[in-house]
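For reference, the structure discussed in these notes is given below.
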Amino acid sequence: MKAGPRGLLYSAPMTGPKDRWQEVGSSEARPPDSQAWIPHEPDERLDTVGLYCPIPIIKTQARMRTMEEGQILEVLSDDRVILLDMPAWCRSTGNEYLGHHEVDGEIHLLVRKTPKTSPPGEPSKVR
Amino acid sequence: MERSEPIRALGLISGGLDSTLAARVLMEQGIEVLGLNFSTGFCSNDQRRAVGRPGEALHRLRNEALRAGSDLGVEVEIVPVEKEYFGIVTHPKHGHGAHMNPCIDCRIFMLRKARARMDELKAHFIFTGEVLGQRPMSQHLTALQTIEREAHLEGLLLRPLSAHHLPETLPEKRGWVDRARLLAIAGRSRRGQLALAETFQISEFPQPSGGCCSLTDDTFSRRLRDVLDHQVPFEPGTEDAVLLKVGRHFRVSHSVKVVVGRDEAENKFLRRHLSGRWWFEVPDGGSPLVMAQGEPGPDLRRVIAGIVARYSSKRSHAEVEVLATREVQVEHILAKPSTDPEIEAFRI
C-alpha cells in the first residue's frame, strides 16, 4: 500500500488505463498509480446503488455517526462522481479514505471512522 | 484578543467563492469554522449527475460544498431538507424572484435550520457569504435585515464580506471577531472577491458564480409551474425534479404531458420511468424515446405519435409508423409528423 496525497492510504488497483483517472479531475482526487488490492474487511456495508449525489454522502454521514472509531464502512455506488465526493467528504470530516475498487460497474469505497466524525457537542463513540 | 475557549462559527457553505472566502476570513482570525449545506432537491449539478450524460467532466458535477470543505479543512454537514423545502418553493411568504426562486424565504429557511444546529454544535454565531447589493432580490439592505430578523438571528448573523456596510454584530461587539479585519465588499462586481481569492491563493471555485439552483432557470421554472398548475404528482427529493430537467416537454391536454428525450443519455434516463406509462418510439429509425405522463386516450396517442415522428429521423416522411407501448400493450400508429406551429402550441 502506498501513501497518497496528504498521507492517505490508497489500496485500490488500477482497473483500466492510466488516463482513465484523468477524468476524475483534480490531483487531490486522483488515486495514485496501480498497486495490489489489499482488502480491508469492512465492519458495515452501505448500498447506495441507484442513488445520486448528495444522497450517498448523506447516508454515509448518518451511518458513520452510529459506528465506532476505527471501524470501516464499505459504500457501494454506481455514481462515478462519488470518486470525487467521498475523498472530499473524508478530508472535510477528517475520516480516512482507504480507496475503492470496482466490481461489475459498482464502485466499492472504503472509509475508516476517525474521532473527528462526531460533530462538536455530540459524544464520539470509542471502541 | 485573548480567549479562554475557542470561538466556533457555523456557516452556510455552498462551495461558491463567497461562502468560501467568508469562512476563510474567519479562519484567519483563529475562529473554528463548521459548515452546513442544504440538499433542497433543486441543485442542477445533482440533476445533471442523475442523467449521467457521457463525456461530461466529473469535476463539473462534483459536490462543491464538499470540495470547499475539503480545501478549507472545514467539516461540512449536508442536511437533507427536500420535502420541507418544497413548501417554501410553492408558498413563499416573500414571493418568488424572476422565476420560481423564493430567495428571501430560502435564506430564512436555511438560517432557521442553522440557528437550531448552532445550539447543538455549541457554535457562537452564524455566518454567510452574502454580499450587500450582489443579488437583486435577497441581498439588498432591507432583505438582509428581514432575513436576519425572521431567522431569529438578530445580532448573531455575521456577513464577513460586507461587514463594514452593516451594523456591528454581537460577535464583533464581544470581541470574538475583530471587525477591523472584516471587509467592505458590496455590489455586483466580483473584483473584491477575486482579489481576496488571490490573496488567500484560492483557485478552485465553481464558475460562473450564482449557484446551481434550478429554480432560477426559466425553462425549469415554467415546467415546475406547469406541474403545480396541473396537479401532476411530484415528490420532492426524488427524480421527479430531474424529470423536469430532461428532454423537451409538451402539454397535450390538461391531464397529459409528454417528455421527448433529446439524446441517448436522456432516453436512458426516461427508460427508468416507464413503468405503468405509455411510451412511444419510431421503430427502425433514429427516434427519441417519448414518455407520456397521464392517461392519453386513443386520440391523444395519435397526437403524441405525430410529435414522436416530428423528432425522429423520418420527420420528412408523409407518414411514419410509431410504436406506442404500455407494459404488454403495443399499438402501431401511422402518424403524420407534427408541424412546427402544432408543436409550439404544446410546448411548456
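Each chain in the C-alpha cells gets a letter, A, B, ..., in the order shown, and its residues are numbered from 1; ligands are numbered from 1 in order too.
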Problem set entry | Nearby residues (only C-alpha atoms) at most 7 Å from segment 221-225 of chain B, same-chain spacing under 2 positions excluded, as a VMD selection string | chain B and resid 99 to 100 215 217 to 219 227 to 229 244 348
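The environment of segment 39-55 of chain A within 8 Å, counting only C-alpha atoms and disregarding residues fewer than 2 places along the same chain, consists of A:Ser11, A:Trp37, A:Ile57, A:Ile58, A:Lys59, A:Thr60, A:Gln71, A:Ile72, A:Leu73, A:Glu74, A:Val75, A:Leu76, A:Ser77, A:Asp78, A:Asp79, A:Ile82, A:Glu106, A:Leu110, B:Ser39, B:Asp46, B:Arg49, B:Ala50, B:Asn63, B:Ile78.
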Selection to disk with N, CA and C atoms, as an mmCIF file, in the first residue's frame:
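In the end it all went to selection-v1.cif:
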data_model
loop_
_atom_site.group_PDB
_atom_site.id
_atom_site.type_symbol
_atom_site.label_atom_id
_atom_site.label_comp_id
_atom_site.auth_asym_id
_atom_site.auth_seq_id
_atom_site.Cartn_x
_atom_site.Cartn_y
_atom_site.Cartn_z
ATOM 1 N N SER A 11 -5.576 1.718 -1.543
ATOM 2 C CA SER A 11 -5.281 0.316 -1.772
ATOM 3 C C SER A 11 -6.016 -0.215 -2.987
ATOM 4 N N TRP A 37 -4.432 -4.725 -4.759
ATOM 5 C CA TRP A 37 -5.603 -4.505 -3.915
ATOM 6 C C TRP A 37 -5.399 -5.241 -2.597
ATOM 7 N N ILE A 57 -23.700 10.457 0.162
ATOM 8 C CA ILE A 57 -22.878 11.108 1.190
ATOM 9 C C ILE A 57 -23.712 11.340 2.452
ATOM 10 N N ILE A 58 -24.961 11.739 2.277
ATOM 11 C CA ILE A 58 -25.836 11.948 3.447
ATOM 12 C C ILE A 58 -26.001 10.638 4.206
ATOM 13 N N LYS A 59 -26.171 9.550 3.467
ATOM 14 C CA LYS A 59 -26.333 8.239 4.126
ATOM 15 C C LYS A 59 -25.028 7.796 4.795
ATOM 16 N N THR A 60 -23.914 8.088 4.133
ATOM 17 C CA THR A 60 -22.613 7.754 4.724
ATOM 18 C C THR A 60 -22.419 8.525 6.034
ATOM 19 N N GLN A 71 -13.669 1.720 13.021
ATOM 20 C CA GLN A 71 -14.434 0.795 12.177
ATOM 21 C C GLN A 71 -14.417 1.263 10.718
ATOM 22 N N ILE A 72 -14.622 0.295 9.824
ATOM 23 C CA ILE A 72 -14.563 0.583 8.386
ATOM 24 C C ILE A 72 -15.940 0.383 7.764
ATOM 25 N N LEU A 73 -16.324 1.351 6.984
ATOM 26 C CA LEU A 73 -17.591 1.280 6.256
ATOM 27 C C LEU A 73 -17.289 1.093 4.774
ATOM 28 N N GLU A 74 -17.995 0.129 4.179
ATOM 29 C CA GLU A 74 -17.897 -0.041 2.725
ATOM 30 C C GLU A 74 -19.153 0.560 2.101
ATOM 31 N N VAL A 75 -18.957 1.479 1.166
ATOM 32 C CA VAL A 75 -20.092 2.121 0.489
ATOM 33 C C VAL A 75 -20.116 1.647 -0.960
ATOM 34 N N LEU A 76 -21.257 1.145 -1.378
ATOM 35 C CA LEU A 76 -21.424 0.706 -2.769
ATOM 36 C C LEU A 76 -22.169 1.800 -3.529
ATOM 37 N N SER A 77 -21.686 2.109 -4.713
ATOM 38 C CA SER A 77 -22.312 3.173 -5.502
ATOM 39 C C SER A 77 -22.109 2.892 -6.982
ATOM 40 N N ASP A 78 -23.003 3.424 -7.807
ATOM 41 C CA ASP A 78 -22.764 3.377 -9.254
ATOM 42 C C ASP A 78 -22.689 4.786 -9.830
ATOM 43 N N ASP A 79 -22.501 5.750 -8.950
ATOM 44 C CA ASP A 79 -22.366 7.149 -9.367
ATOM 45 C C ASP A 79 -20.877 7.486 -9.364
ATOM 46 N N ILE A 82 -18.882 9.985 -7.178
ATOM 47 C CA ILE A 82 -18.570 9.705 -5.772
ATOM 48 C C ILE A 82 -17.057 9.518 -5.593
ATOM 49 N N GLU A 106 -20.025 -1.531 -10.300
ATOM 50 C CA GLU A 106 -20.313 -0.948 -8.982
ATOM 51 C C GLU A 106 -19.003 -0.551 -8.316
ATOM 52 N N LEU A 110 -14.087 2.429 0.583
ATOM 53 C CA LEU A 110 -13.863 2.108 1.994
ATOM 54 C C LEU A 110 -13.473 3.359 2.767
ATOM 55 N N SER B 39 -29.459 20.172 1.167
ATOM 56 C CA SER B 39 -29.863 19.491 -0.063
ATOM 57 C C SER B 39 -31.346 19.766 -0.287
ATOM 58 N N ASP B 46 -26.732 18.165 -9.240
ATOM 59 C CA ASP B 46 -27.248 16.857 -8.839
ATOM 60 C C ASP B 46 -28.132 16.281 -9.934
ATOM 61 N N ARG B 49 -26.162 15.071 -12.827
ATOM 62 C CA ARG B 49 -25.490 13.846 -12.411
ATOM 63 C C ARG B 49 -26.414 12.635 -12.554
ATOM 64 N N ALA B 50 -27.667 12.823 -12.228
ATOM 65 C CA ALA B 50 -28.624 11.718 -12.323
ATOM 66 C C ALA B 50 -28.828 11.300 -13.773
ATOM 67 N N ASN B 63 -19.781 17.659 -5.841
ATOM 68 C CA ASN B 63 -20.464 18.471 -4.840
ATOM 69 C C ASN B 63 -19.498 19.570 -4.394
ATOM 70 N N ILE B 78 -23.991 17.883 5.261
ATOM 71 C CA ILE B 78 -25.059 18.049 4.267
ATOM 72 C C ILE B 78 -26.380 17.676 4.921
#
For this session: Can you check which residues of chain B have any atom within 10 Å of chain A? Use only C-alpha atoms and format it as a ChimeraX atom specification.
Result: /B:8,34-35,38-39,41,43,45-52,55-80,119-123,204,237-239
For this session: Write out as a ChimeraX atom specification the residues lying within 7 Å of segment 174-177 of chain B, counting only C-alpha atoms and excluding same-chain residues fewer than 3 positions away.
Result: /B:7,170-171
Output of the above residues as a compact mmCIF listing (two decimals), in the first residue's frame, restricted to N, CA and C atoms:
# COMPACT_ATOMS: atom_id res chain seq x y z
N ILE B 7 -13.53 30.15 19.74
CA ILE B 7 -14.80 30.64 19.21
C ILE B 7 -15.15 29.81 17.98
N LEU B 170 -23.11 40.96 17.35
CA LEU B 170 -22.69 40.53 18.68
C LEU B 170 -21.25 39.96 18.69
N PRO B 171 -20.90 39.10 17.72
CA PRO B 171 -19.52 38.57 17.72
C PRO B 171 -18.47 39.68 17.65
For this session: Mind giving me the straight-line distance from atom CA of Leu300 of chain B to atom CA of Ser253 of chain B in Å, one decimal?
Result: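 Calculated distance between atom CA of Leu300 of chain B and atom CA of Ser253 of chain B is 8.2 Å.
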Exercise. Got a sec: who's within 6 Å of His164 of chain B, counting only C-alpha atoms, leaving out chain neighbours fewer than 2 positions off, as a list in words?
Worked result: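 Surrounding residues, per the criterion: Ser162, Leu166, Leu183 and Ala184 of chain B.
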Just write the chosen residues, C-alpha atoms, as a compact mmCIF listing (two decimals), in the first residue's frame.
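This went into out_13.txt:
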# COMPACT_ATOMS: atom_id res chain seq x y z
CA SER B 162 -19.84 43.11 3.73
CA LEU B 166 -23.72 46.55 8.11
CA LEU B 183 -14.44 43.56 4.75
CA ALA B 184 -16.44 46.20 2.92
For this session: Could you jot down the atom CA of Leu12 of chain B to atom CA of Thr114 of chain A separation for me, Å, one decimal place?
Result: 24.2 Å
